[in-house]
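Just protein13.pdb here, PDB, C-alpha atoms and all ligand atoms:
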ATOM      1  CA  MET K  26     -27.201 -21.370  25.724
ATOM      2  CA  PRO K  27     -24.504 -18.858  24.783
ATOM      3  CA  LEU K  28     -21.158 -20.155  23.517
ATOM      4  CA  VAL K  29     -18.712 -21.128  26.269
ATOM      5  CA  ILE K  30     -14.933 -20.710  26.409
ATOM      6  CA  SER K  31     -12.697 -23.752  25.936
ATOM      7  CA  LYS K  32     -10.462 -23.485  29.003
ATOM      8  CA  PRO K  33     -12.822 -24.822  31.722
ATOM      9  CA  LEU K  34     -13.971 -27.635  29.422
ATOM     10  CA  LEU K  35     -10.401 -28.765  28.776
ATOM     11  CA  GLU K  36      -9.435 -28.444  32.449
ATOM     12  CA  HIS K  37     -12.505 -30.515  33.383
ATOM     13  CA  ALA K  38     -11.579 -33.129  30.792
ATOM     14  CA  ARG K  39      -8.007 -33.248  32.121
ATOM     15  CA  ALA K  40      -9.190 -33.712  35.715
ATOM     16  CA  ASN K  41     -11.648 -36.445  34.710
ATOM     17  CA  HIS K  42      -9.569 -38.370  32.145
ATOM     18  CA  TYR K  43     -11.598 -37.818  29.028
ATOM     19  CA  ALA K  44     -11.172 -35.555  25.989
ATOM     20  CA  VAL K  45     -13.395 -32.951  24.393
ATOM     21  CA  GLY K  46     -14.071 -33.626  20.716
ATOM     22  CA  ALA K  47     -13.167 -30.767  18.369
ATOM     23  CA  PHE K  48     -14.725 -31.127  14.929
ATOM     24  CA  ASN K  49     -14.155 -28.989  11.845
ATOM     25  CA  ALA K  50     -17.234 -27.426  10.267
ATOM     26  CA  THR K  51     -17.511 -25.836   6.846
ATOM     27  CA  ASN K  52     -21.237 -25.259   6.330
ATOM     28  CA  LEU K  53     -24.694 -25.357   7.906
ATOM     29  CA  GLU K  54     -25.015 -29.141   7.662
ATOM     30  CA  THR K  55     -21.701 -29.930   9.349
ATOM     31  CA  VAL K  56     -22.451 -27.503  12.206
ATOM     32  CA  GLN K  57     -25.857 -29.142  12.676
ATOM     33  CA  ALA K  58     -24.382 -32.646  12.534
ATOM     34  CA  ILE K  59     -21.849 -31.803  15.259
ATOM     35  CA  ILE K  60     -24.313 -30.084  17.598
ATOM     36  CA  GLU K  61     -27.001 -32.757  17.115
ATOM     37  CA  ALA K  62     -24.430 -35.464  17.864
ATOM     38  CA  ALA K  63     -23.261 -33.654  21.004
ATOM     39  CA  GLU K  64     -26.896 -33.270  22.136
ATOM     40  CA  ALA K  65     -27.582 -36.967  21.513
ATOM     41  CA  GLU K  66     -24.487 -37.917  23.532
ATOM     42  CA  ALA K  67     -24.933 -35.206  26.207
ATOM     43  CA  ALA K  68     -21.312 -34.245  25.495
ATOM     44  CA  PRO K  69     -19.509 -30.892  25.552
ATOM     45  CA  VAL K  70     -18.201 -30.070  22.088
ATOM     46  CA  ILE K  71     -15.855 -27.745  20.206
ATOM     47  CA  ILE K  72     -16.701 -26.611  16.687
ATOM     48  CA  GLN K  73     -13.627 -25.387  14.900
ATOM     49  CA  ILE K  74     -13.319 -23.239  11.828
ATOM     50  CA  SER K  75     -10.156 -23.201   9.732
ATOM     51  CA  GLU K  76      -9.050 -20.365   7.479
ATOM     52  CA  GLY K  77      -9.950 -22.561   4.499
ATOM     53  CA  ALA K  78     -13.473 -22.937   5.878
ATOM     54  CA  MET K  79     -13.660 -19.158   6.314
ATOM     55  CA  ARG K  80     -12.697 -18.651   2.678
ATOM     56  CA  TYR K  81     -15.438 -21.106   1.681
ATOM     57  CA  GLY K  82     -18.284 -20.188   4.037
ATOM     58  CA  GLY K  83     -17.367 -16.715   5.291
ATOM     59  CA  LEU K  84     -16.157 -15.962   8.809
ATOM     60  CA  ARG K  85     -19.317 -14.145   9.892
ATOM     61  CA  TYR K  86     -21.703 -16.643   8.283
ATOM     62  CA  LEU K  87     -20.053 -19.596   9.977
ATOM     63  CA  ALA K  88     -19.739 -17.829  13.337
ATOM     64  CA  ALA K  89     -23.424 -16.880  13.184
ATOM     65  CA  ILE K  90     -24.476 -20.450  12.333
ATOM     66  CA  VAL K  91     -22.472 -21.900  15.238
ATOM     67  CA  ARG K  92     -23.803 -19.251  17.616
ATOM     68  CA  ALA K  93     -27.388 -19.978  16.543
ATOM     69  CA  GLY K  94     -26.861 -23.728  16.987
ATOM     70  CA  ALA K  95     -25.317 -23.238  20.422
ATOM     71  CA  ALA K  96     -28.183 -20.955  21.510
ATOM     72  CA  ASP K  97     -30.665 -23.794  20.990
ATOM     73  CA  ALA K  98     -28.399 -26.470  22.509
ATOM     74  CA  THR K  99     -28.431 -27.779  26.073
ATOM     75  CA  VAL K 100     -24.776 -28.906  25.881
ATOM     76  CA  PRO K 101     -21.814 -26.503  26.090
ATOM     77  CA  VAL K 102     -20.503 -25.495  22.648
ATOM     78  CA  VAL K 103     -17.202 -23.683  21.934
ATOM     79  CA  LEU K 104     -16.454 -21.758  18.728
ATOM     80  CA  HIS K 105     -12.734 -22.237  18.058
ATOM     81  CA  LEU K 106     -10.279 -21.014  15.418
ATOM     82  CA  ASP K 107      -8.299 -23.958  14.001
ATOM     83  CA  HIS K 108      -4.691 -23.336  12.892
ATOM     84  CA  GLY K 109      -4.801 -19.537  12.838
ATOM     85  CA  SER K 110      -1.795 -18.506  10.772
ATOM     86  CA  GLY K 111      -1.065 -15.151  12.425
ATOM     87  CA  PHE K 112      -2.022 -12.232  14.643
ATOM     88  CA  GLU K 113      -4.558 -10.685  12.223
ATOM     89  CA  VAL K 114      -6.802 -13.731  11.754
ATOM     90  CA  ASN K 115      -6.796 -14.316  15.498
ATOM     91  CA  MET K 116      -7.912 -10.729  16.114
ATOM     92  CA  ARG K 117     -10.637 -11.004  13.443
ATOM     93  CA  CYS K 118     -11.980 -14.111  15.166
ATOM     94  CA  LEU K 119     -11.757 -12.458  18.579
ATOM     95  CA  GLN K 120     -13.828  -9.598  17.234
ATOM     96  CA  ALA K 121     -16.304 -12.021  15.607
ATOM     97  CA  GLY K 122     -17.026 -13.622  18.983
ATOM     98  CA  PHE K 123     -14.938 -16.815  18.864
ATOM     99  CA  THR K 124     -14.621 -18.287  22.350
ATOM    100  CA  SER K 125     -11.291 -20.027  21.733
ATOM    101  CA  LEU K 126      -8.347 -19.149  19.483
ATOM    102  CA  MET K 127      -5.352 -20.935  18.028
ATOM    103  CA  TYR K 128      -2.085 -19.676  16.681
ATOM    104  CA  ASP K 129      -0.074 -22.283  14.791
ATOM    105  CA  GLY K 130       3.508 -21.080  14.619
ATOM    106  CA  SER K 131       4.864 -24.628  14.581
ATOM    107  CA  ALA K 132       6.670 -24.182  11.247
ATOM    108  CA  LYS K 133       8.421 -21.028  12.534
ATOM    109  CA  PRO K 134      11.659 -20.872  14.542
ATOM    110  CA  PHE K 135      11.064 -21.372  18.300
ATOM    111  CA  GLU K 136      11.660 -17.714  19.222
ATOM    112  CA  GLU K 137       9.286 -16.423  16.549
ATOM    113  CA  ASN K 138       6.612 -18.940  17.563
ATOM    114  CA  VAL K 139       7.017 -17.806  21.194
ATOM    115  CA  ALA K 140       6.849 -14.084  20.336
ATOM    116  CA  THR K 141       3.702 -14.269  18.179
ATOM    117  CA  THR K 142       1.945 -16.722  20.492
ATOM    118  CA  ALA K 143       2.670 -14.511  23.513
ATOM    119  CA  LEU K 144       1.299 -11.450  21.696
ATOM    120  CA  ILE K 145      -1.945 -13.241  20.772
ATOM    121  CA  VAL K 146      -2.291 -14.681  24.284
ATOM    122  CA  ARG K 147      -1.967 -11.174  25.736
ATOM    123  CA  ALA K 148      -4.673  -9.721  23.480
ATOM    124  CA  ALA K 149      -7.004 -12.729  23.858
ATOM    125  CA  HIS K 150      -6.639 -12.914  27.630
ATOM    126  CA  ALA K 151      -7.483  -9.219  27.893
ATOM    127  CA  CYS K 152     -10.875 -10.267  26.472
ATOM    128  CA  GLY K 153     -11.140 -13.453  28.559
ATOM    129  CA  ILE K 154     -10.537 -15.802  25.617
ATOM    130  CA  PRO K 155      -8.127 -18.771  25.833
ATOM    131  CA  VAL K 156      -5.496 -19.636  23.234
ATOM    132  CA  GLU K 157      -4.191 -22.972  21.907
ATOM    133  CA  ALA K 158      -0.645 -22.954  20.532
ATOM    134  CA  GLU K 159       1.435 -25.573  18.718
ATOM    135  CA  LEU K 160       4.972 -26.787  19.218
ATOM    136  CA  GLY K 161       6.551 -29.512  17.095
ATOM    137  CA  GLN K 162       5.107 -30.007  13.633
ATOM    138  CA  VAL K 163       2.110 -32.166  12.690
ATOM    139  CA  PHE K 164       2.468 -32.702   8.948
ATOM    140  CA  ARG K 165      -0.278 -33.236   6.359
ATOM    141  CA  VAL K 166      -0.736 -36.181   3.993
ATOM    142  CA  GLY K 167       0.955 -35.137   0.746
ATOM    143  CA  ASP K 168       3.686 -33.067   2.427
ATOM    144  CA  ALA K 169       7.054 -34.003   0.984
ATOM    145  CA  VAL K 170       8.454 -35.370   4.253
ATOM    146  CA  THR K 171      10.212 -38.569   5.266
ATOM    147  CA  ALA K 172       9.714 -40.720   8.377
ATOM    148  CA  ALA K 173      12.918 -39.116   9.670
ATOM    149  CA  ASP K 174      11.414 -35.614   9.179
ATOM    150  CA  ILE K 175       8.328 -36.639  11.173
ATOM    151  CA  GLN K 176      10.516 -38.044  13.962
ATOM    152  CA  GLN K 177      12.643 -34.890  13.953
ATOM    153  CA  ALA K 178       9.548 -32.661  14.261
ATOM    154  CA  LEU K 179       8.081 -34.424  17.343
ATOM    155  CA  THR K 180       7.530 -32.179  20.373
ATOM    156  CA  ASP K 181      10.360 -32.077  22.895
ATOM    157  CA  PRO K 182       8.753 -32.201  26.396
ATOM    158  CA  ASP K 183      11.336 -29.830  27.941
ATOM    159  CA  LYS K 184      10.854 -27.330  25.106
ATOM    160  CA  ALA K 185       7.080 -27.658  25.601
ATOM    161  CA  ALA K 186       7.483 -26.686  29.271
ATOM    162  CA  GLU K 187       9.622 -23.674  28.318
ATOM    163  CA  PHE K 188       7.174 -22.682  25.550
ATOM    164  CA  VAL K 189       4.158 -22.720  27.877
ATOM    165  CA  ARG K 190       6.064 -20.728  30.527
ATOM    166  CA  LEU K 191       7.157 -18.084  27.981
ATOM    167  CA  THR K 192       3.824 -17.712  26.165
ATOM    168  CA  GLY K 193       1.117 -18.294  28.795
ATOM    169  CA  CYS K 194      -0.880 -20.354  26.278
ATOM    170  CA  ASP K 195      -3.847 -22.264  27.722
ATOM    171  CA  SER K 196      -3.456 -25.524  25.796
ATOM    172  CA  LEU K 197      -0.781 -26.993  23.569
ATOM    173  CA  ALA K 198      -1.013 -28.987  20.343
ATOM    174  CA  VAL K 199       1.821 -31.514  20.289
ATOM    175  CA  ALA K 200       3.428 -33.520  17.494
ATOM    176  CA  VAL K 201       3.424 -37.126  18.710
ATOM    177  CA  GLY K 202       3.177 -39.185  15.507
ATOM    178  CA  SER K 203      -0.151 -38.253  13.891
ATOM    179  CA  VAL K 204      -0.461 -36.748  10.403
ATOM    180  CA  HIS K 205      -3.341 -34.532   9.186
ATOM    181  CA  GLY K 206      -5.687 -35.917   6.552
ATOM    182  CA  MET K 207      -5.124 -39.695   6.813
ATOM    183  CA  ARG K 208      -7.962 -41.841   5.429
ATOM    184  CA  SER K 209      -7.026 -44.984   7.363
ATOM    185  CA  GLN K 210      -6.284 -45.377  11.084
ATOM    186  CA  GLU K 211      -2.629 -46.382  10.916
ATOM    187  CA  ALA K 212      -0.663 -43.638  12.659
ATOM    188  CA  GLN K 213       1.469 -44.701  15.589
ATOM    189  CA  LEU K 214       1.606 -42.380  18.583
ATOM    190  CA  ASP K 215       4.561 -41.935  20.906
ATOM    191  CA  GLN K 216       2.630 -42.440  24.144
ATOM    192  CA  GLU K 217       5.612 -41.868  26.432
ATOM    193  CA  ARG K 218       6.212 -38.511  24.739
ATOM    194  CA  ILE K 219       2.577 -37.545  25.387
ATOM    195  CA  ARG K 220       2.986 -38.484  29.054
ATOM    196  CA  GLN K 221       6.184 -36.452  29.378
ATOM    197  CA  CYS K 222       4.677 -33.439  27.575
ATOM    198  CA  ALA K 223       1.618 -33.528  29.856
ATOM    199  CA  LEU K 224       3.789 -33.800  32.935
ATOM    200  CA  LYS K 225       6.204 -31.034  31.967
ATOM    201  CA  ALA K 226       3.979 -28.571  30.065
ATOM    202  CA  GLY K 227       1.265 -28.591  32.755
ATOM    203  CA  VAL K 228      -1.538 -27.535  30.373
ATOM    204  CA  PRO K 229      -4.157 -29.625  28.541
ATOM    205  CA  LEU K 230      -2.666 -31.203  25.405
ATOM    206  CA  VAL K 231      -4.315 -31.299  21.982
ATOM    207  CA  LEU K 232      -4.057 -34.106  19.426
ATOM    208  CA  HIS K 233      -4.257 -33.003  15.784
ATOM    209  CA  GLY K 234      -4.620 -35.325  12.802
ATOM    210  CA  SER K 235      -6.757 -37.719  14.823
ATOM    211  CA  SER K 236      -8.650 -39.268  11.882
ATOM    212  CA  GLY K 237      -5.592 -41.418  11.189
ATOM    213  CA  VAL K 238      -5.105 -42.686  14.749
ATOM    214  CA  PRO K 239      -6.378 -46.155  15.794
ATOM    215  CA  ASP K 240      -9.067 -46.143  18.513
ATOM    216  CA  ASP K 241      -6.868 -47.893  21.093
ATOM    217  CA  ALA K 242      -4.117 -45.324  20.608
ATOM    218  CA  ILE K 243      -6.642 -42.500  21.064
ATOM    219  CA  ARG K 244      -7.801 -44.068  24.362
ATOM    220  CA  ALA K 245      -4.210 -44.419  25.583
ATOM    221  CA  ALA K 246      -3.373 -40.847  24.495
ATOM    222  CA  ILE K 247      -6.303 -39.517  26.534
ATOM    223  CA  GLU K 248      -5.130 -41.549  29.535
ATOM    224  CA  ASN K 249      -1.675 -39.969  29.066
ATOM    225  CA  GLY K 250      -2.843 -36.338  28.915
ATOM    226  CA  ILE K 251      -4.604 -35.507  25.637
ATOM    227  CA  CYS K 252      -7.679 -33.408  26.530
ATOM    228  CA  LYS K 253      -8.850 -32.160  23.100
ATOM    229  CA  VAL K 254      -9.013 -34.407  20.041
ATOM    230  CA  ASN K 255      -9.285 -32.729  16.624
ATOM    231  CA  VAL K 256     -11.170 -34.587  13.907
ATOM    232  CA  SER K 257     -11.845 -33.334  10.399
ATOM    233  CA  THR K 258     -11.105 -35.878   7.647
ATOM    234  CA  ALA K 259     -13.181 -38.725   9.155
ATOM    235  CA  ILE K 260     -16.266 -36.513   9.372
ATOM    236  CA  GLY K 261     -15.803 -35.124   5.851
ATOM    237  CA  ALA K 262     -15.300 -38.665   4.534
ATOM    238  CA  ALA K 263     -18.559 -39.860   6.147
ATOM    239  CA  PHE K 264     -20.485 -36.864   4.794
ATOM    240  CA  CYS K 265     -19.092 -37.098   1.249
ATOM    241  CA  SER K 266     -19.409 -40.864   0.977
ATOM    242  CA  ARG K 267     -23.131 -40.708   1.801
ATOM    243  CA  LEU K 268     -23.594 -37.695  -0.471
ATOM    244  CA  ARG K 269     -21.986 -39.594  -3.383
ATOM    245  CA  GLY K 270     -24.331 -42.524  -2.684
ATOM    246  CA  GLN K 271     -27.415 -40.283  -2.646
ATOM    247  CA  CYS K 272     -26.384 -38.594  -5.890
ATOM    248  CA  ALA K 273     -25.782 -41.966  -7.586
ATOM    249  CA  GLU K 274     -29.129 -43.306  -6.336
ATOM    250  CA  SER K 275     -31.173 -40.251  -7.259
ATOM    251  CA  THR K 276     -29.694 -38.875 -10.452
ATOM    252  CA  GLN K 277     -32.837 -36.816 -11.199
ATOM    253  CA  GLU K 278     -33.219 -35.352  -7.681
ATOM    254  CA  HIS K 279     -33.427 -31.564  -7.627
ATOM    255  CA  ASP K 280     -34.305 -31.084  -3.939
ATOM    256  CA  ILE K 281     -31.029 -30.191  -2.192
ATOM    257  CA  ARG K 282     -32.433 -31.360   1.146
ATOM    258  CA  LYS K 283     -32.899 -34.926  -0.098
ATOM    259  CA  LEU K 284     -29.193 -35.138  -0.968
ATOM    260  CA  LEU K 285     -27.654 -33.210   1.930
ATOM    261  CA  GLY K 286     -29.990 -34.481   4.692
ATOM    262  CA  PRO K 287     -28.741 -38.096   4.664
ATOM    263  CA  ALA K 288     -25.120 -36.872   4.405
ATOM    264  CA  ARG K 289     -25.682 -34.745   7.520
ATOM    265  CA  GLU K 290     -27.115 -37.804   9.295
ATOM    266  CA  GLU K 291     -24.037 -39.879   8.378
ATOM    267  CA  ALA K 292     -21.675 -37.171   9.673
ATOM    268  CA  LYS K 293     -23.703 -36.969  12.890
ATOM    269  CA  GLU K 294     -23.344 -40.725  13.486
ATOM    270  CA  ARG K 295     -19.569 -40.520  12.946
ATOM    271  CA  VAL K 296     -19.319 -37.612  15.423
ATOM    272  CA  ARG K 297     -21.331 -39.638  17.974
ATOM    273  CA  GLN K 298     -18.914 -42.577  17.628
ATOM    274  CA  LYS K 299     -15.965 -40.249  18.222
ATOM    275  CA  LEU K 300     -17.574 -38.604  21.262
ATOM    276  CA  ARG K 301     -18.105 -42.045  22.809
ATOM    277  CA  LEU K 302     -14.497 -43.001  22.006
ATOM    278  CA  PHE K 303     -13.225 -39.836  23.717
ATOM    279  CA  GLY K 304     -15.193 -40.654  26.900
ATOM    280  CA  SER K 305     -17.088 -37.364  26.695
ATOM    281  CA  SER K 306     -20.608 -38.799  26.403
ATOM    282  CA  GLY K 307     -22.686 -37.835  29.434
ATOM    283  CA  LYS K 308     -20.171 -35.183  30.569
ATOM    284  CA  ALA K 309     -22.102 -32.082  29.396
ATOM    285  CA  GLY K 310     -23.686 -31.252  32.774
ATOM    286  CA  ALA K 311     -20.489 -31.537  34.812
ATOM    287  CA  ALA K 312     -18.494 -29.671  32.137
ATOM    288  CA  LEU K 313     -21.050 -26.871  32.184
ATOM    289  CA  ASP K 314     -20.771 -26.630  35.986
ATOM    290  CA  ALA K 315     -16.995 -26.314  35.533
ATOM    291  CA  CYS K 316     -17.584 -23.438  33.074
ATOM    292  CA  ARG K 317     -19.899 -21.656  35.482
ATOM    293  CA  THR K 318     -17.425 -22.052  38.360
ATOM    294  CA  MET K 319     -14.474 -20.750  36.332
ATOM    295  CA  CYS K 320     -16.427 -17.892  34.774
ATOM    296  CA  SER K 321     -17.809 -16.663  38.114
ATOM    297  CA  SER K 322     -14.460 -16.796  39.966
TER     298      SER K 322
HETATM  299  P1  LIG O   1      -7.713 -34.848  10.567
HETATM  300  O1  LIG O   1      -8.292 -34.183   9.344
HETATM  301  O2  LIG O   1      -6.575 -35.724  10.242
HETATM  302  O3  LIG O   1      -8.763 -35.487  11.398
HETATM  303  O4  LIG O   1      -7.087 -33.675  11.461
HETATM  304  C1  LIG O   1      -7.926 -32.652  11.937
HETATM  305  C2  LIG O   1      -7.164 -31.611  12.665
HETATM  306  O5  LIG O   1      -6.181 -31.876  13.292
HETATM  307  C3  LIG O   1      -7.672 -30.239  12.588
HETATM  308  O6  LIG O   1      -6.879 -29.347  13.288
END
How would this structure read if it were set down as structure tokens?
Amino acid sequence: MPLVISKPLLEHARANHYAVGAFNATNLETVQAIIEAAEAEAAPVIIQISEGAMRYGGLRYLAAIVRAGAADATVPVVLHLDHGSGFEVNMRCLQAGFTSLMYDGSAKPFEENVATTALIVRAAHACGIPVEAELGQVFRVGDAVTAADIQQALTDPDKAAEFVRLTGCDSLAVAVGSVHGMRSQEAQLDQERIRQCALKAGVPLVLHGSSGVPDDAIRAAIENGICKVNVSTAIGAAFCSRLRGQCAESTQEHDIRKLLGPAREEAKERVRQKLRLFGSSGKAGAALDACRTMCSS
């Protein structure tokens, strides 16, 4: 089926207390792994492309691969821009047929974040495309920050409410204790902050840096208002670990498919585990109905 927009999926997830999995893809195999996993779990899914992935795989290549995968799928698939750094990249993705955008102005002063987000929302909404924004900063492993910096950068629920009102964004990424790129599940989330942000902001919330969050904390975060869970590192780790194993086992192999195929399978299994954790397995049909209702009204 054609790609779907993210908004009705996230609203459906919010109303039904589950979260839509959003997985980063960088090449053909990761796109296939994500869509095959979503098919196997009958789950709606978001495939997200970062600017780094665009530099590696090419914006049009990756968009075309996702679109082709979605066309053959029976589950709803969204093509989303992850952490767009400004107006231009958002407009390039809009033109390339992305069905969900993100502007990450979280490192900018509040007023600047509001102004650029509002501008992108206006342009995207004119084309019927929803926009995720970010308030509060989710750091990355390796950033030179202290525990106090992380605490200081957590999202203020009242500011989140003001930000959503001023920008008209459709969903909001919040800083609640996770850190991008963690290899072990040790991050501690501020669940009460998530609850307050959900209550005050009134839009579906997005959890970034989810590879480092323990399963129980993910479940609680979804109960408290997280509707989209971003996962990148855990999927890349599964893919690369299997790829390293294949290469070590078959040092003379020259058929690319024999090395990449098992890695794709490993990534697919990890995506399936995450989709089950997020409660989105079996939700594809109802989520698709929600898309049809929103798009026809
Ligand atoms: P992880 O790489 O920590 O899973 O974070 C992914 C993410 O938040 C992408 O936006």
Subject >> Distance in Å - CA of His205 in chain K versus atom O5 of ligand LIG 1 (chain O) >> reply: 5.7 Å
**OP:** Using all atoms listed in the file, find the one residue out of K:Val231, K:Val199, K:Ile281, K:Ala288 that sits nearest to Leu268 in chain K.
**Re:** K:Ala288
Subject >> Nearby residues, ligand LIG 1 (chain O), 7 Å, all atoms listed in the file, as a list in words >> reply: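 So, counting all atoms listed in the file, the residues near ligand LIG 1 (chain O) are Asn49, Asp107, His108, Val204, His205, Gly206, Met207, Leu232, His233, Gly234, Ser235, Ser236, Gly237, Asn255, Val256, Ser257, Thr258 and Ala259 of chain K.
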Original post:
Looking at K:Val238, K:Leu284, K:Val70, K:Leu224, which one is nearest to Ala38 in chain K, with distances taken over all atoms listed in the file?
Top reply: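 So, comparing all the options, the nearest one is K:Val70.
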Original post:
Taking into account only C-alpha atoms, which residue in the set K:Gly270, K:Gly83, K:Gly304, K:Gly161 is nearest to Arg244 in chain K?
Top reply: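 Checking each candidate against Arg244 in chain K, we get K:Gly304 as the closest.
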Subject >> Selection near Arg301 in chain K, 9 Å with all atoms listed in the file, sequence-local residues under 4 positions removed, as a PyMOL selection string >> reply: chain K and resi 66+68+296-297+305-306
**OP:** Determine, counting all atoms listed in the file, which protein, DNA and RNA residues have an atom within 12 Å of an atom of range 118-121 of chain K; residues of the same chain fewer than 2 positions away are not included. Present the result as a count of residues only.
**Re:** 45
Original post:
How many Å separate CA of Ile90 in chain K from CA of Pro69 in chain K?
Top reply: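 Distance between the two atoms: 17.6 Å.
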Original post:
For Arg282 in chain K, which of K:Leu53, K:Val189, K:Val103, K:Leu35 is the closest residue, counting all atoms listed in the file?
Top reply: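 Checking each of K:Leu53, K:Val189, K:Val103, K:Leu35 against Arg282 in chain K, counting all atoms listed in the file, the winner is K:Leu53.
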Original post:
Between K:Thr171, K:Ala198, K:Pro182, K:Arg190, which has the minimum distance to Ser131 in chain K (counting all atoms listed in the file)?
Top reply: K:Ala198
**OP:** Work out how far apart CA of Ala223 in chain K and CA of Gly250 in chain K are and give it in Å to one decimal.
**Re:**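 A separation of 5.4 Å between them.
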**OP:** Point out the residue among K:Leu191, K:Ala65, K:Arg218, K:Thr51 with the least atom-to-atom distance to Gly82 in chain K, counting only C-alpha atoms.
**Re:**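 Of the candidates, the smallest distance to Gly82 in chain K is held by K:Thr51.
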Original post:
Can you tell me, as a list in words, what residues are no more than 9 Å from Gly130 in chain K when counting only C-alpha atoms, ignoring any on the same chain fewer than 3 positions away?
Top reply: His108, Gly109, Ser110, Gly111, Lys133, Pro134, Phe135, Glu137, Asn138, Val139, Thr141, Thr142, Ala158, Glu159 and Leu160 of chain K
Give me, as a PDB file with C-alpha atoms, keeping the file's coordinate frame, all polymer residues having an atom no more than 8 Å from Pro229 in chain K, counting only C-alpha atoms and skipping those fewer than 3 positions away in the same chain.
ATOM      1  CA  LEU K  35     -10.401 -28.765  28.776  1.00  0.00           C
ATOM      2  CA  GLU K  36      -9.435 -28.444  32.449  1.00  0.00           C
ATOM      3  CA  ARG K  39      -8.007 -33.248  32.121  1.00  0.00           C
ATOM      4  CA  ASP K 195      -3.847 -22.264  27.722  1.00  0.00           C
ATOM      5  CA  SER K 196      -3.456 -25.524  25.796  1.00  0.00           C
ATOM      6  CA  LEU K 197      -0.781 -26.993  23.569  1.00  0.00           C
ATOM      7  CA  ALA K 223       1.618 -33.528  29.856  1.00  0.00           C
ATOM      8  CA  GLY K 250      -2.843 -36.338  28.915  1.00  0.00           C
ATOM      9  CA  ILE K 251      -4.604 -35.507  25.637  1.00  0.00           C
ATOM     10  CA  CYS K 252      -7.679 -33.408  26.530  1.00  0.00           C
ATOM     11  CA  LYS K 253      -8.850 -32.160  23.100  1.00  0.00           C
TER      12      LYS K 253
END
**OP:** Counting all atoms listed in the file, write as a list in words all protein and nucleic acid residues lying at most 6 Å from (-0.5, -39.2, 18.3) in the file's frame.
**Re:**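 The residues that fall inside the cut-off are Val201, Gly202, Ser203 and Leu214 of chain K.
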Complete range 229-240 of chain K at the level of N, CA and C atoms, written as a PDB file, keeping the file's coordinate frame.
ATOM      1  N   PRO K 229      -3.505 -28.585  29.349  1.00  0.00           N
ATOM      2  CA  PRO K 229      -4.157 -29.625  28.541  1.00  0.00           C
ATOM      3  C   PRO K 229      -3.493 -29.732  27.164  1.00  0.00           C
ATOM      4  N   LEU K 230      -3.287 -30.966  26.713  1.00  0.00           N
ATOM      5  CA  LEU K 230      -2.666 -31.203  25.405  1.00  0.00           C
ATOM      6  C   LEU K 230      -3.727 -31.492  24.351  1.00  0.00           C
ATOM      7  N   VAL K 231      -3.391 -31.139  23.106  1.00  0.00           N
ATOM      8  CA  VAL K 231      -4.315 -31.299  21.982  1.00  0.00           C
ATOM      9  C   VAL K 231      -3.690 -32.242  20.956  1.00  0.00           C
ATOM     10  N   LEU K 232      -4.509 -33.187  20.480  1.00  0.00           N
ATOM     11  CA  LEU K 232      -4.057 -34.106  19.426  1.00  0.00           C
ATOM     12  C   LEU K 232      -4.665 -33.678  18.095  1.00  0.00           C
ATOM     13  N   HIS K 233      -3.807 -33.333  17.146  1.00  0.00           N
ATOM     14  CA  HIS K 233      -4.257 -33.003  15.784  1.00  0.00           C
ATOM     15  C   HIS K 233      -4.102 -34.246  14.906  1.00  0.00           C
ATOM     16  N   GLY K 234      -4.766 -34.217  13.749  1.00  0.00           N
ATOM     17  CA  GLY K 234      -4.620 -35.325  12.802  1.00  0.00           C
ATOM     18  C   GLY K 234      -5.180 -36.620  13.353  1.00  0.00           C
ATOM     19  N   SER K 235      -6.278 -36.540  14.079  1.00  0.00           N
ATOM     20  CA  SER K 235      -6.757 -37.719  14.823  1.00  0.00           C
ATOM     21  C   SER K 235      -7.519 -38.712  13.960  1.00  0.00           C
ATOM     22  N   SER K 236      -7.939 -38.315  12.752  1.00  0.00           N
ATOM     23  CA  SER K 236      -8.650 -39.268  11.882  1.00  0.00           C
ATOM     24  C   SER K 236      -7.806 -40.493  11.579  1.00  0.00           C
ATOM     25  N   GLY K 237      -6.482 -40.325  11.561  1.00  0.00           N
ATOM     26  CA  GLY K 237      -5.592 -41.418  11.189  1.00  0.00           C
ATOM     27  C   GLY K 237      -5.085 -42.230  12.359  1.00  0.00           C
ATOM     28  N   VAL K 238      -5.625 -41.988  13.554  1.00  0.00           N
ATOM     29  CA  VAL K 238      -5.105 -42.686  14.749  1.00  0.00           C
ATOM     30  C   VAL K 238      -6.050 -43.825  15.149  1.00  0.00           C
ATOM     31  N   PRO K 239      -5.520 -45.035  15.371  1.00  0.00           N
ATOM     32  CA  PRO K 239      -6.378 -46.155  15.794  1.00  0.00           C
ATOM     33  C   PRO K 239      -7.082 -45.847  17.130  1.00  0.00           C
ATOM     34  N   ASP K 240      -8.265 -46.431  17.312  1.00  0.00           N
ATOM     35  CA  ASP K 240      -9.067 -46.143  18.513  1.00  0.00           C
ATOM     36  C   ASP K 240      -8.304 -46.421  19.813  1.00  0.00           C
TER      37      ASP K 240
END
